[in-house]
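Below is the file start-v2.csv, which contains CSV, C-alpha atoms.
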```csv
chain,number,residue,atom,x,y,z
S,1146,MET,CA,35.2,-15.4,15.7
S,1147,SER,CA,32.3,-13.0,14.8
S,1148,VAL,CA,29.1,-13.1,16.8
S,1149,SER,CA,25.7,-12.2,15.2
S,1150,ARG,CA,23.4,-9.7,16.9
S,1151,ARG,CA,20.9,-12.5,17.5
S,1152,GLU,CA,23.5,-14.7,19.2
S,1153,PHE,CA,24.7,-11.7,21.3
S,1154,LEU,CA,21.2,-10.9,22.5
S,1155,ALA,CA,20.6,-14.5,23.2
S,1156,SER,CA,23.7,-14.7,25.4
S,1157,LEU,CA,22.5,-11.6,27.2
S,1158,ALA,CA,19.1,-13.1,27.8
S,1159,VAL,CA,20.7,-16.3,29.3
S,1160,ALA,CA,22.8,-14.2,31.6
S,1161,ALA,CA,19.9,-12.0,32.6
S,1162,VAL,CA,17.7,-15.0,33.5
S,1163,ALA,CA,20.4,-16.4,35.6
S,1164,CYS,CA,20.5,-13.0,37.5
S,1165,GLY,CA,16.7,-12.9,37.7
S,1166,ARG,CA,16.2,-10.0,35.3
S,1167,THR,CA,15.7,-9.4,31.6
S,1168,ALA,CA,18.5,-7.9,29.5
S,1169,PRO,CA,17.6,-4.8,27.3
S,1170,GLY,CA,16.4,-6.0,23.9
S,1171,ALA,CA,16.0,-9.6,25.0
S,1172,ILE,CA,12.7,-11.5,25.1
S,1173,ALA,CA,12.1,-13.2,28.4
S,1174,PRO,CA,10.0,-16.4,28.5
S,1175,SER,CA,7.5,-14.7,30.7
S,1176,ALA,CA,7.4,-11.5,28.6
S,1177,PRO,CA,6.8,-12.5,24.9
S,1178,GLY,CA,6.6,-8.9,23.7
S,1179,PHE,CA,3.7,-7.4,21.8
S,1180,LYS,CA,0.3,-9.0,21.4
S,1181,PHE,CA,-1.7,-9.6,18.3
S,1182,GLY,CA,-5.3,-8.5,17.8
S,1183,TYR,CA,-7.6,-8.6,14.8
S,1184,SER,CA,-10.0,-5.9,13.7
S,1185,ALA,CA,-13.7,-6.8,13.2
S,1186,SER,CA,-14.0,-4.2,10.4
S,1187,THR,CA,-13.8,-7.0,7.7
S,1188,TRP,CA,-17.1,-8.4,9.0
S,1189,GLY,CA,-19.0,-5.1,8.6
S,1190,ASN,CA,-21.8,-4.9,11.1
S,1191,LEU,CA,-21.8,-8.6,11.9
S,1192,GLU,CA,-19.9,-8.1,15.1
S,1193,LEU,CA,-21.1,-11.2,16.9
S,1194,ILE,CA,-19.9,-13.4,14.0
S,1195,ALA,CA,-16.6,-11.5,14.1
S,1196,ILE,CA,-16.2,-12.1,17.8
S,1197,ASP,CA,-16.7,-15.8,17.4
S,1198,GLU,CA,-14.4,-16.3,14.4
S,1199,ILE,CA,-11.6,-14.1,15.6
S,1200,SER,CA,-11.7,-16.0,18.9
S,1201,LYS,CA,-11.5,-19.3,17.0
S,1202,LEU,CA,-8.5,-18.2,15.1
S,1203,GLY,CA,-6.7,-17.6,18.4
S,1204,PHE,CA,-6.2,-13.8,18.4
S,1205,PRO,CA,-6.4,-12.5,21.9
S,1206,GLY,CA,-7.4,-9.0,21.0
S,1207,ILE,CA,-10.2,-7.4,18.9
S,1208,GLN,CA,-11.0,-3.9,17.6
S,1209,PHE,CA,-14.5,-2.7,16.8
S,1210,ARG,CA,-16.1,-0.1,14.5
S,1211,PRO,CA,-18.5,2.5,15.9
S,1212,SER,CA,-21.5,0.4,15.1
S,1213,ILE,CA,-20.8,-1.8,18.2
S,1214,VAL,CA,-21.7,1.1,20.4
S,1215,GLY,CA,-25.2,1.3,19.0
S,1216,HIS,CA,-25.7,-2.5,19.5
S,1217,PHE,CA,-24.5,-2.5,23.1
S,1218,MET,CA,-24.8,1.1,24.4
S,1219,ARG,CA,-27.4,0.2,27.0
S,1220,GLN,CA,-25.8,-3.0,28.0
S,1221,PRO,CA,-21.9,-2.7,27.9
S,1222,SER,CA,-21.7,-5.5,30.5
S,1223,VAL,CA,-23.2,-8.0,28.1
S,1224,LEU,CA,-20.5,-7.3,25.5
S,1225,ARG,CA,-17.8,-7.4,28.3
S,1226,ASP,CA,-19.0,-10.8,29.5
S,1227,LEU,CA,-19.2,-12.1,25.9
S,1228,LEU,CA,-15.7,-11.1,25.2
S,1229,ALA,CA,-14.5,-12.7,28.4
S,1230,GLN,CA,-16.3,-16.0,27.5
S,1231,LYS,CA,-14.5,-15.9,24.1
S,1232,ARG,CA,-11.1,-15.0,25.8
S,1233,LEU,CA,-10.9,-11.7,23.9
S,1234,GLN,CA,-9.8,-8.3,25.1
S,1235,ILE,CA,-11.1,-5.2,23.3
S,1236,VAL,CA,-8.0,-3.3,22.2
S,1237,ALA,CA,-9.6,-0.4,20.6
S,1238,LEU,CA,-12.9,1.2,19.4
S,1239,SER,CA,-12.9,3.2,16.2
S,1240,SER,CA,-14.7,6.5,17.1
S,1241,GLY,CA,-14.9,8.2,13.7
S,1242,SER,CA,-13.4,11.5,12.7
S,1243,ILE,CA,-12.5,14.8,14.2
S,1244,THR,CA,-13.8,17.9,12.4
S,1245,LEU,CA,-12.2,21.3,12.3
S,1246,ASP,CA,-15.6,23.0,11.8
S,1247,PRO,CA,-16.1,25.2,14.8
S,1248,ALA,CA,-19.9,24.9,14.5
S,1249,LEU,CA,-19.7,21.1,15.0
S,1250,GLU,CA,-16.8,21.0,17.5
S,1251,ALA,CA,-18.8,20.8,20.8
S,1252,ARG,CA,-21.0,18.0,19.6
S,1253,MET,CA,-18.1,16.1,18.0
S,1254,ILE,CA,-16.1,16.2,21.3
S,1255,ALA,CA,-19.1,15.1,23.3
S,1256,ASP,CA,-19.7,12.1,20.9
S,1257,HIS,CA,-16.1,10.9,21.2
S,1258,VAL,CA,-16.2,11.2,25.0
S,1259,ALA,CA,-19.4,9.2,25.1
S,1260,ARG,CA,-17.8,6.5,23.1
S,1261,ALA,CA,-14.8,6.6,25.5
S,1262,LYS,CA,-17.2,6.1,28.4
S,1263,PHE,CA,-18.7,3.0,26.6
S,1264,LEU,CA,-15.2,1.7,25.9
S,1265,ALA,CA,-14.2,2.1,29.6
S,1266,ASP,CA,-17.3,0.2,30.7
S,1267,VAL,CA,-16.4,-2.7,28.3
S,1268,GLY,CA,-12.8,-2.7,29.5
S,1269,GLY,CA,-11.1,-1.4,26.4
S,1270,SER,CA,-7.8,0.5,26.1
S,1271,PHE,CA,-7.7,2.9,23.1
S,1272,LEU,CA,-10.2,5.2,21.4
S,1273,GLN,CA,-9.2,5.5,17.8
S,1274,VAL,CA,-9.9,8.7,15.8
S,1275,THR,CA,-9.1,9.9,12.3
S,1276,ASP,CA,-10.0,13.4,11.0
S,1277,THR,CA,-11.9,15.0,8.1
S,1278,LYS,CA,-9.6,17.0,5.8
S,1279,PRO,CA,-11.3,20.4,5.2
S,1280,SER,CA,-9.4,21.2,2.0
S,1281,ALA,CA,-7.4,19.5,-0.7
S,1282,VAL,CA,-4.2,21.2,0.4
S,1283,VAL,CA,-3.3,20.8,4.0
S,1284,THR,CA,-2.1,23.9,5.8
S,1285,PRO,CA,0.2,24.2,8.9
S,1286,GLU,CA,-2.7,25.9,10.6
S,1287,GLN,CA,-4.9,22.9,10.1
S,1288,CYS,CA,-2.2,20.6,11.5
S,1289,THR,CA,-1.9,22.9,14.6
S,1290,ARG,CA,-5.6,23.0,15.2
S,1291,LEU,CA,-6.0,19.2,14.8
S,1292,GLY,CA,-3.2,18.7,17.3
S,1293,GLN,CA,-4.9,21.0,19.8
S,1294,LEU,CA,-8.2,19.2,19.4
S,1295,LEU,CA,-6.6,15.8,19.9
S,1296,SER,CA,-5.0,17.0,23.1
S,1297,GLU,CA,-8.3,18.4,24.3
S,1298,ILE,CA,-10.2,15.2,23.7
S,1299,GLY,CA,-7.3,13.1,25.0
S,1300,HIS,CA,-7.4,14.9,28.3
S,1301,LYS,CA,-11.1,14.1,28.6
S,1302,THR,CA,-10.8,10.5,27.7
S,1303,ASP,CA,-7.8,10.1,30.0
S,1304,GLU,CA,-10.1,11.0,32.9
S,1305,LEU,CA,-12.2,7.9,32.0
S,1306,GLY,CA,-9.1,5.7,31.8
S,1307,VAL,CA,-9.1,5.5,28.0
S,1308,VAL,CA,-6.2,6.5,25.8
S,1309,LEU,CA,-6.9,8.5,22.6
S,1310,ALA,CA,-5.1,7.2,19.6
S,1311,TYR,CA,-4.8,9.2,16.4
S,1312,HIS,CA,-4.9,7.2,13.1
S,1313,PRO,CA,-3.2,9.1,10.2
S,1314,HIS,CA,-5.4,7.6,7.5
S,1315,MET,CA,-5.3,8.1,3.8
S,1316,GLY,CA,-7.3,11.2,2.9
S,1317,THR,CA,-6.8,12.9,6.2
S,1318,ILE,CA,-4.7,15.8,7.5
S,1319,GLY,CA,-2.1,13.4,8.8
S,1320,GLU,CA,-1.8,11.4,5.6
S,1321,LYS,CA,1.6,12.7,4.7
S,1322,PRO,CA,4.5,12.1,7.1
S,1323,GLU,CA,5.4,15.8,7.3
S,1324,ASN,CA,1.9,16.8,8.3
S,1325,LEU,CA,1.7,14.0,10.9
S,1326,GLU,CA,4.9,15.4,12.3
S,1327,ARG,CA,3.3,18.9,12.6
S,1328,VAL,CA,0.1,17.4,14.2
S,1329,LEU,CA,2.0,15.4,16.8
S,1330,LYS,CA,4.1,18.4,17.9
S,1331,GLU,CA,0.9,20.0,19.1
S,1332,THR,CA,-0.3,17.0,21.2
S,1333,ASP,CA,0.3,16.0,24.7
S,1334,PRO,CA,2.1,12.6,24.6
S,1335,ARG,CA,0.8,11.7,28.0
S,1336,THR,CA,-2.8,11.5,26.9
S,1337,MET,CA,-2.7,11.2,23.1
S,1338,LYS,CA,-0.9,8.4,21.3
S,1339,LEU,CA,-0.2,7.5,17.7
S,1340,LEU,CA,-1.8,4.6,16.0
S,1341,LEU,CA,0.6,3.7,13.3
S,1342,ASP,CA,-1.0,1.9,10.4
S,1343,VAL,CA,1.6,0.2,8.3
S,1344,GLY,CA,-0.2,0.3,5.0
S,1345,HIS,CA,-1.7,3.8,5.3
S,1346,TYR,CA,1.6,5.3,6.4
S,1347,LEU,CA,3.4,3.5,3.5
S,1348,GLN,CA,0.8,4.6,1.0
S,1349,GLY,CA,1.1,8.2,2.3
S,1350,GLY,CA,4.8,8.2,1.4
S,1351,GLY,CA,6.4,7.2,4.7
S,1352,ASP,CA,8.6,4.4,6.0
S,1353,PRO,CA,6.6,2.5,8.7
S,1354,ALA,CA,9.7,0.9,10.3
S,1355,ASP,CA,11.3,4.3,10.6
S,1356,ALA,CA,8.2,5.8,12.1
S,1357,ILE,CA,8.1,3.1,14.8
S,1358,ARG,CA,11.6,4.1,15.8
S,1359,ARG,CA,10.9,7.9,15.4
S,1360,TYR,CA,7.7,7.9,17.5
S,1361,ARG,CA,8.6,5.1,19.9
S,1362,GLN,CA,7.7,7.3,22.9
S,1363,GLN,CA,4.3,8.2,21.6
S,1364,LEU,CA,3.4,5.0,19.9
S,1365,GLY,CA,0.1,3.6,21.3
S,1366,PHE,CA,-0.5,0.6,19.1
S,1367,VAL,CA,0.0,-0.6,15.5
S,1368,HIS,CA,-2.3,-1.6,12.7
S,1369,LEU,CA,-0.7,-4.4,10.7
S,1370,THR,CA,-1.9,-3.8,7.2
S,1371,ASP,CA,-0.6,-4.5,3.7
S,1372,VAL,CA,-1.2,-2.6,0.5
S,1373,GLU,CA,-0.8,-3.3,-3.2
S,1374,THR,CA,-0.7,-1.0,-6.3
S,1375,ILE,CA,-3.6,-1.5,-8.8
S,1376,ASP,CA,-4.6,0.2,-12.0
S,1377,THR,CA,-8.1,1.2,-11.1
S,1378,GLY,CA,-9.9,3.4,-8.5
S,1379,LEU,CA,-7.5,5.0,-6.0
S,1380,GLY,CA,-4.6,3.2,-7.5
S,1381,TYR,CA,-4.1,1.0,-4.4
S,1382,ARG,CA,-6.0,-1.4,-2.2
S,1383,PHE,CA,-5.4,-3.1,1.1
S,1384,VAL,CA,-4.7,-6.8,1.1
S,1385,GLU,CA,-4.0,-9.7,3.4
S,1386,LEU,CA,-0.6,-9.7,5.1
S,1387,GLY,CA,2.2,-10.8,2.8
S,1388,LYS,CA,0.2,-10.1,-0.3
S,1389,GLY,CA,1.3,-6.5,-0.8
S,1390,ARG,CA,4.4,-4.3,-0.9
S,1391,ALA,CA,4.8,-3.5,2.8
S,1392,ASN,CA,8.1,-4.6,4.3
S,1393,LEU,CA,6.6,-6.2,7.3
S,1394,ARG,CA,9.8,-7.9,8.3
S,1395,ALA,CA,11.4,-4.5,8.7
S,1396,VAL,CA,8.3,-3.4,10.8
S,1397,PHE,CA,8.7,-6.3,13.1
S,1398,ASP,CA,12.4,-5.7,13.4
S,1399,ALA,CA,11.6,-2.1,14.5
S,1400,MET,CA,9.1,-3.3,17.0
S,1401,ARG,CA,11.6,-5.7,18.5
S,1402,ASP,CA,14.4,-3.1,18.5
S,1403,THR,CA,12.3,-0.5,20.3
S,1404,MET,CA,11.0,-3.2,22.7
S,1405,PHE,CA,7.4,-2.4,21.8
S,1406,GLY,CA,5.2,-4.3,24.2
S,1407,GLY,CA,1.7,-3.2,23.1
S,1408,TRP,CA,-0.9,-4.4,20.6
S,1409,ALA,CA,-0.4,-5.1,16.9
S,1410,VAL,CA,-3.9,-5.3,15.4
S,1411,VAL,CA,-4.2,-7.0,12.0
S,1412,GLU,CA,-6.7,-5.1,9.9
S,1413,LEU,CA,-8.3,-5.6,6.4
S,1414,ASP,CA,-11.2,-3.3,5.4
S,1415,ALA,CA,-12.7,-5.8,2.9
S,1416,VAL,CA,-12.0,-9.3,1.5
S,1417,THR,CA,-10.0,-9.3,-1.7
S,1418,ALA,CA,-11.8,-12.0,-3.6
S,1419,PRO,CA,-15.6,-12.4,-4.1
S,1420,ASP,CA,-15.5,-16.1,-2.9
S,1421,ARG,CA,-13.5,-15.4,0.2
S,1422,SER,CA,-15.0,-14.8,3.7
S,1423,ALA,CA,-13.7,-12.5,6.3
S,1424,SER,CA,-12.5,-15.4,8.4
S,1425,GLN,CA,-10.6,-16.9,5.4
S,1426,SER,CA,-8.8,-13.6,4.9
S,1427,ALA,CA,-7.9,-13.5,8.6
S,1428,ALA,CA,-6.6,-17.0,8.3
S,1429,ILE,CA,-4.3,-16.0,5.4
S,1430,SER,CA,-2.8,-13.2,7.5
S,1431,LYS,CA,-2.5,-15.5,10.4
S,1432,ALA,CA,-0.6,-18.1,8.2
S,1433,TYR,CA,1.7,-15.3,7.0
S,1434,LEU,CA,2.6,-14.4,10.6
S,1435,GLU,CA,3.2,-18.0,11.5
S,1436,SER,CA,5.5,-18.3,8.4
S,1437,LEU,CA,7.7,-15.6,10.1
S,1438,GLY,CA,7.8,-17.7,13.3
S,1439,PHE,CA,5.1,-15.8,15.3
S,1440,SER,CA,2.2,-17.3,17.3
S,1441,VAL,CA,-0.8,-15.0,17.3
S,1442,THR,CA,-1.6,-16.2,20.8
S,1443,GLN,CA,1.8,-15.3,22.2
S,1444,GLY,CA,3.4,-12.4,20.2
S,1445,LEU,CA,7.1,-12.3,19.4
S,1446,PRO,CA,8.9,-15.5,18.7
S,1447,GLY,CA,11.7,-16.3,21.1
```

For this file, write the structure as structure tokens.
Amino acid sequence: MSVSRREFLASLAVAAVACGRTAPGAIAPSAPGFKFGYSASTWGNLELIAIDEISKLGFPGIQFRPSIVGHFMRQPSVLRDLLAQKRLQIVALSSGSITLDPALEARMIADHVARAKFLADVGGSFLQVTDTKPSAVVTPEQCTRLGQLLSEIGHKTDELGVVLAYHPHMGTIGEKPENLERVLKETDPRTMKLLLDVGHYLQGGGDPADAIRRYRQQLGFVHLTDVETIDTGLGYRFVELGKGRANLRAVFDAMRDTMFGGWAVVELDAVTAPDRSASQSAAISKAYLESLGFSVTQGLPG
């Protein structure tokens, strides 16, 4: 009689529980796996509304744009207390771009470190950075320099208890998988992690599920995004989960297979219909996750 992989893992889990430990690849009742967060970016600068609505939807984690720093720079404890009241944990703070311009380098590093200090005061985990591509054609030298800067900033944020996370965004040096590979080879995996954005990595020509397995040792957290092809503008746009062409089931399989236990943050830059609110878009993505058997409050289904 043949036994499926799921049945085999389930039998291992039962045996492990009986022995007081968890089998490799199994999900113990007390360790549900990764955790879901939601990015406040869809709400623009209306962070207080985002906090309230994301909390009501049940997501335990939240990510903010840089504007939150200006609103609470002098009183990070107020934001920390508010998040605690709403039962939210700040997963990440978007800190903007890294520039390769030597004339701007010192100020750029200082700005990122200052935001890391704010994030540490609020109790957050990851400082997200992208980069500004200096030319249309990316060179190996640019990849090398970006990796060096990421490592330098990462060591500084690590001293504050904050992990630097690089987001290979569309329109950046790391947009293409081969350039991301070059960048990561120059970084210190102890202090600089990868933020893998499903939609961006797919649109850049990569396989997100393969990347999760490939970079499992340096994967900091994941952006759950979906993308569709359109006939105008850039030729693509980001949409609610399940509405685009991303193979999210394969992504979740990869996260399970690699025993990823971090944060998976749902992100949508803008609503996709003029009569739709940010909260309604978030509810659509939540419903999609639930259709796969997930609970946003618990993470992986058993």

Counting all atoms listed in the file, the option among S:Val1223, S:Leu1309, S:Ala1391, S:Leu1193 closest to S:Pro1334:
S:Leu1309

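Minimum atom-to-atom distances from S:Gly1299, S:Gly1206, S:Pro1285, S:Gly1241 to S:Gly1269 were compared using all atoms listed in the file, and the lowest value belongs to S:Gly1206.
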
Point (-10.2, -11.8, 16.3) neighbourhood (10 Å, all atoms listed in the file) written as a list in words
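Protein and nucleic acid residues near the point are Phe1181, Gly1182, Tyr1183, Ser1184, Ala1185, Ala1195, Ile1196, Asp1197, Glu1198, Ile1199, Ser1200, Lys1201, Leu1202, Gly1203, Phe1204, Pro1205, Gly1206, Ile1207, Gln1208, Lys1231, Leu1233, Gln1234, Ile1235, Val1410, Val1411, Glu1412, Ser1424, Ala1427 and Val1441 of chain S.
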
Name the residues in contact with stretch 1292-1296 of chain S at a cut-off of 12 Å, using all atoms listed in the file, excluding same-chain residues fewer than 6 positions from it; report them as a PDB file with C-alpha atoms, in the coordinates of the input.
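Output contents, as saved in result.pdb:
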```
ATOM      1  CA  SER S1242     -13.400  11.500  12.700  1.00  0.00           C
ATOM      2  CA  ILE S1243     -12.500  14.800  14.200  1.00  0.00           C
ATOM      3  CA  THR S1244     -13.800  17.900  12.400  1.00  0.00           C
ATOM      4  CA  LEU S1245     -12.200  21.300  12.300  1.00  0.00           C
ATOM      5  CA  ASP S1246     -15.600  23.000  11.800  1.00  0.00           C
ATOM      6  CA  PRO S1247     -16.100  25.200  14.800  1.00  0.00           C
ATOM      7  CA  GLU S1250     -16.800  21.000  17.500  1.00  0.00           C
ATOM      8  CA  ALA S1251     -18.800  20.800  20.800  1.00  0.00           C
ATOM      9  CA  MET S1253     -18.100  16.100  18.000  1.00  0.00           C
ATOM     10  CA  ILE S1254     -16.100  16.200  21.300  1.00  0.00           C
ATOM     11  CA  HIS S1257     -16.100  10.900  21.200  1.00  0.00           C
ATOM     12  CA  VAL S1258     -16.200  11.200  25.000  1.00  0.00           C
ATOM     13  CA  LEU S1272     -10.200   5.200  21.400  1.00  0.00           C
ATOM     14  CA  GLN S1273      -9.200   5.500  17.800  1.00  0.00           C
ATOM     15  CA  VAL S1274      -9.900   8.700  15.800  1.00  0.00           C
ATOM     16  CA  THR S1275      -9.100   9.900  12.300  1.00  0.00           C
ATOM     17  CA  ASP S1276     -10.000  13.400  11.000  1.00  0.00           C
ATOM     18  CA  PRO S1285       0.200  24.200   8.900  1.00  0.00           C
ATOM     19  CA  GLU S1286      -2.700  25.900  10.600  1.00  0.00           C
ATOM     20  CA  THR S1302     -10.800  10.500  27.700  1.00  0.00           C
ATOM     21  CA  ASP S1303      -7.800  10.100  30.000  1.00  0.00           C
ATOM     22  CA  VAL S1308      -6.200   6.500  25.800  1.00  0.00           C
ATOM     23  CA  LEU S1309      -6.900   8.500  22.600  1.00  0.00           C
ATOM     24  CA  ALA S1310      -5.100   7.200  19.600  1.00  0.00           C
ATOM     25  CA  TYR S1311      -4.800   9.200  16.400  1.00  0.00           C
ATOM     26  CA  HIS S1312      -4.900   7.200  13.100  1.00  0.00           C
ATOM     27  CA  PRO S1313      -3.200   9.100  10.200  1.00  0.00           C
ATOM     28  CA  ILE S1318      -4.700  15.800   7.500  1.00  0.00           C
ATOM     29  CA  GLY S1319      -2.100  13.400   8.800  1.00  0.00           C
ATOM     30  CA  ASN S1324       1.900  16.800   8.300  1.00  0.00           C
ATOM     31  CA  LEU S1325       1.700  14.000  10.900  1.00  0.00           C
ATOM     32  CA  GLU S1326       4.900  15.400  12.300  1.00  0.00           C
ATOM     33  CA  ARG S1327       3.300  18.900  12.600  1.00  0.00           C
ATOM     34  CA  VAL S1328       0.100  17.400  14.200  1.00  0.00           C
ATOM     35  CA  LEU S1329       2.000  15.400  16.800  1.00  0.00           C
ATOM     36  CA  LYS S1330       4.100  18.400  17.900  1.00  0.00           C
ATOM     37  CA  GLU S1331       0.900  20.000  19.100  1.00  0.00           C
ATOM     38  CA  THR S1332      -0.300  17.000  21.200  1.00  0.00           C
ATOM     39  CA  ASP S1333       0.300  16.000  24.700  1.00  0.00           C
ATOM     40  CA  PRO S1334       2.100  12.600  24.600  1.00  0.00           C
ATOM     41  CA  ARG S1335       0.800  11.700  28.000  1.00  0.00           C
ATOM     42  CA  THR S1336      -2.800  11.500  26.900  1.00  0.00           C
ATOM     43  CA  MET S1337      -2.700  11.200  23.100  1.00  0.00           C
ATOM     44  CA  LYS S1338      -0.900   8.400  21.300  1.00  0.00           C
ATOM     45  CA  LEU S1339      -0.200   7.500  17.700  1.00  0.00           C
TER      46      LEU S1339
END
```

Near-S:Thr1403 list (9 Å; only C-alpha atoms; drop same-chain fewer than 3 positions) as a PDB file with C-alpha atoms, keeping the file's coordinate frame:
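Generated output (selection_33.pdb):
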```pdb
ATOM      1  CA  GLY S1170      16.400  -6.000  23.900  1.00  0.00           C
ATOM      2  CA  ILE S1357       8.100   3.100  14.800  1.00  0.00           C
ATOM      3  CA  ARG S1358      11.600   4.100  15.800  1.00  0.00           C
ATOM      4  CA  ARG S1361       8.600   5.100  19.900  1.00  0.00           C
ATOM      5  CA  ASP S1398      12.400  -5.700  13.400  1.00  0.00           C
ATOM      6  CA  ALA S1399      11.600  -2.100  14.500  1.00  0.00           C
ATOM      7  CA  MET S1400       9.100  -3.300  17.000  1.00  0.00           C
ATOM      8  CA  GLY S1406       5.200  -4.300  24.200  1.00  0.00           C
TER       9      GLY S1406
END
```

Cut-off 12 Å around (-23.2, -0.3, 19.4) with only C-alpha atoms: residues as a PDB file with C-alpha atoms, in the coordinates of the input:
```pdb
ATOM      1  CA  ASN S1190     -21.800  -4.900  11.100  1.00  0.00           C
ATOM      2  CA  LEU S1191     -21.800  -8.600  11.900  1.00  0.00           C
ATOM      3  CA  GLU S1192     -19.900  -8.100  15.100  1.00  0.00           C
ATOM      4  CA  LEU S1193     -21.100 -11.200  16.900  1.00  0.00           C
ATOM      5  CA  PHE S1209     -14.500  -2.700  16.800  1.00  0.00           C
ATOM      6  CA  ARG S1210     -16.100  -0.100  14.500  1.00  0.00           C
ATOM      7  CA  PRO S1211     -18.500   2.500  15.900  1.00  0.00           C
ATOM      8  CA  SER S1212     -21.500   0.400  15.100  1.00  0.00           C
ATOM      9  CA  ILE S1213     -20.800  -1.800  18.200  1.00  0.00           C
ATOM     10  CA  VAL S1214     -21.700   1.100  20.400  1.00  0.00           C
ATOM     11  CA  GLY S1215     -25.200   1.300  19.000  1.00  0.00           C
ATOM     12  CA  HIS S1216     -25.700  -2.500  19.500  1.00  0.00           C
ATOM     13  CA  PHE S1217     -24.500  -2.500  23.100  1.00  0.00           C
ATOM     14  CA  MET S1218     -24.800   1.100  24.400  1.00  0.00           C
ATOM     15  CA  ARG S1219     -27.400   0.200  27.000  1.00  0.00           C
ATOM     16  CA  GLN S1220     -25.800  -3.000  28.000  1.00  0.00           C
ATOM     17  CA  PRO S1221     -21.900  -2.700  27.900  1.00  0.00           C
ATOM     18  CA  VAL S1223     -23.200  -8.000  28.100  1.00  0.00           C
ATOM     19  CA  LEU S1224     -20.500  -7.300  25.500  1.00  0.00           C
ATOM     20  CA  LEU S1238     -12.900   1.200  19.400  1.00  0.00           C
ATOM     21  CA  SER S1239     -12.900   3.200  16.200  1.00  0.00           C
ATOM     22  CA  SER S1240     -14.700   6.500  17.100  1.00  0.00           C
ATOM     23  CA  ALA S1259     -19.400   9.200  25.100  1.00  0.00           C
ATOM     24  CA  ARG S1260     -17.800   6.500  23.100  1.00  0.00           C
ATOM     25  CA  PHE S1263     -18.700   3.000  26.600  1.00  0.00           C
ATOM     26  CA  LEU S1264     -15.200   1.700  25.900  1.00  0.00           C
ATOM     27  CA  VAL S1267     -16.400  -2.700  28.300  1.00  0.00           C
TER      28      VAL S1267
END
```

Looking at S:Asp1226, S:Glu1435, S:Glu1323, S:Glu1373, which one is nearest to S:Gly1344, with distances taken over all atoms listed in the file?
S:Glu1373

Nearest to S:Ser1426, chosen from S:Trp1188, S:Glu1304, S:Tyr1346, S:Trp1408, with all atoms listed in the file counted in the distances:
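Going through S:Trp1188, S:Glu1304, S:Tyr1346, S:Trp1408 one by one, the smallest distance to S:Ser1426 is for S:Trp1188.
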
Distance of atom CA of S:Arg1390 from atom CA of S:Leu1341, expressed in Å to one decimal place
16.7 Å

Just to confirm, what's the straight-line distance from atom CA of S:Gly1178 to atom CA of S:Ala1395 in Å (one decimal)?
16.4 Å

Contact residues around S:Phe1383 with all atoms listed in the file at 12 Å, ignoring same-chain residues under 2 positions, as a ChimeraX atom specification
/S:1187,1315,1342-1345,1347-1348,1369-1375,1379-1381,1385-1391,1411-1418,1426

Separation of atom CA of S:Gly1407 from atom CA of S:Gly1444 in Å:
9.8 Å

Selected residue of minimal separation from S:Ala1261 among S:Val1307, S:Thr1442, S:Glu1297, S:Gln1362, counting only C-alpha atoms
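Of the candidates, the smallest distance to S:Ala1261 is held by S:Val1307.
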